[in-house]
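Below is one structure, written out as structure tokens; comments come after it.
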Amino acid sequence: MELPLVYVLNGPNLNMLGMRQPQIYGSATLDDVEQICIQNAENLEIAIDFRQTNDEGELVSWIQECKGKAKGIVINAGAYSHTSIATLDALLSVELPVIEVHISNIYRRESFRHHSYVSHAATGVICGLGLQGYALALAAIADLILEEDN
Ligand code: CA2
């Protein structure tokens, strides 16, 4: 039987993880995040497509691509979370369960990080738990997919 597919989408600068600002984002790299996701997806019996882009248009296109292909989206849209209505519109258009992740606790940081457009389309939001946030997000999306199928 084919496993349900979840897109794990990462926005701008997340390719820099582990290279700078370890006091905020820790020392793990984006490859480490992908490995955690692969491991957790295996346990949850879901398939994942893990991607990162620095380009807003590409992120929008990837979200659109989910329609009819994926059963859910886990997204850390990075700074586009706080700026991009285009990302929000794309997420709303695909009508899929969405879990938003932020590695850092955006509410303990600058006030411009306190609002997220992505949250308007998200079923749930996880922030401040580091890389564990991705594992929790995958568990949540797997539950939501199961609920939808039953
Ligand atoms: O906490 C998060 O996961 C964020 O989405 C990360 C974004 C930030 O703009 C959001 O407000 C919160 C930044 C992506 C990572 O940027 C880095 C820059 C330099 C070195 C390492 C990471």
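Ligands are numbered from 1 in the order shown, chains are lettered A, B, ... in the order of the structure tokens, and residues start at 1 in each chain.
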Do a neighbour search on region 93-106 of chain A at 9 Å with only C-alpha atoms, toss out local chain neighbours closer than 2 positions, and write the hits as a PyMOL selection string.
chain A and resi 24-26+63-68+70-78+88-91+108-111+113-115+118-119+121-134+137-138+140-141+144-145
As a compact mmCIF listing (two decimals) with C-alpha atoms, in the first residue's frame, please: all residues of region 40-99 of chain A that backbone DSSP puts in alpha helix (DSSP H).
# COMPACT_ATOMS: atom_id res chain seq x y z
CA ASN A 40 10.33 9.89 12.16
CA ALA A 41 8.42 9.48 8.90
CA GLU A 42 9.52 5.85 8.74
CA ASN A 43 8.18 5.21 12.26
CA LEU A 44 4.93 7.02 11.45
CA GLU A 56 9.23 32.95 -2.38
CA GLY A 57 7.83 32.04 -5.82
CA GLU A 58 9.36 28.59 -5.66
CA LEU A 59 7.85 28.04 -2.22
CA VAL A 60 4.41 29.06 -3.59
CA SER A 61 4.84 26.68 -6.57
CA TRP A 62 5.81 23.80 -4.29
CA ILE A 63 2.72 24.40 -2.13
CA GLN A 64 0.51 24.45 -5.24
CA GLU A 65 2.15 21.19 -6.37
CA CYS A 66 0.85 19.49 -3.19
CA TYR A 80 8.28 34.52 4.78
CA SER A 81 6.03 33.44 7.65
CA HIS A 82 6.03 37.07 8.77
CA THR A 83 5.81 38.73 5.36
CA ILE A 85 0.54 36.74 1.90
CA ALA A 86 1.39 34.79 -1.29
CA THR A 87 2.52 31.84 0.85
CA LEU A 88 -0.65 32.10 2.94
CA ASP A 89 -2.87 32.21 -0.17
CA ALA A 90 -1.13 29.14 -1.60
CA LEU A 91 -1.58 27.23 1.67
CA LEU A 92 -5.27 28.17 1.82
CA SER A 93 -5.79 27.17 -1.82
CA VAL A 94 -4.60 23.57 -1.43
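When only C-alpha atoms and all ligand atoms are used to measure the gap to ligand 1, the shortest distance among A:Asn54, A:Asn13, A:Ser27, A:Gln39 belongs to A:Asn13.
Within the 7 Å cut-off around region 47-50 of chain A, using only C-alpha atoms and omitting residues fewer than 6 positions from it on the same chain, the listed residues are Leu3, Pro4, Leu5, Val6, Tyr7, Val8, Leu9, Glu34 and Ala41 of chain A.
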How many Å lie between atom 13 (C, counted along the ligand's line) of ligand 1 and CA of Arg20 (chain A), rounded to one decimal?
10.7 Å
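The nearest approach to ligand 1 among the residues A:Thr53, A:His120, A:Ala79, A:Ile38, with only C-alpha atoms and all ligand atoms taken into account, belongs to A:Ala79.
Of the listed residues A:Ala135, A:Leu17, A:Ala28, A:Leu146, the one whose atoms come nearest to ligand 1 is A:Leu17, with distances taken using only C-alpha atoms and all ligand atoms.
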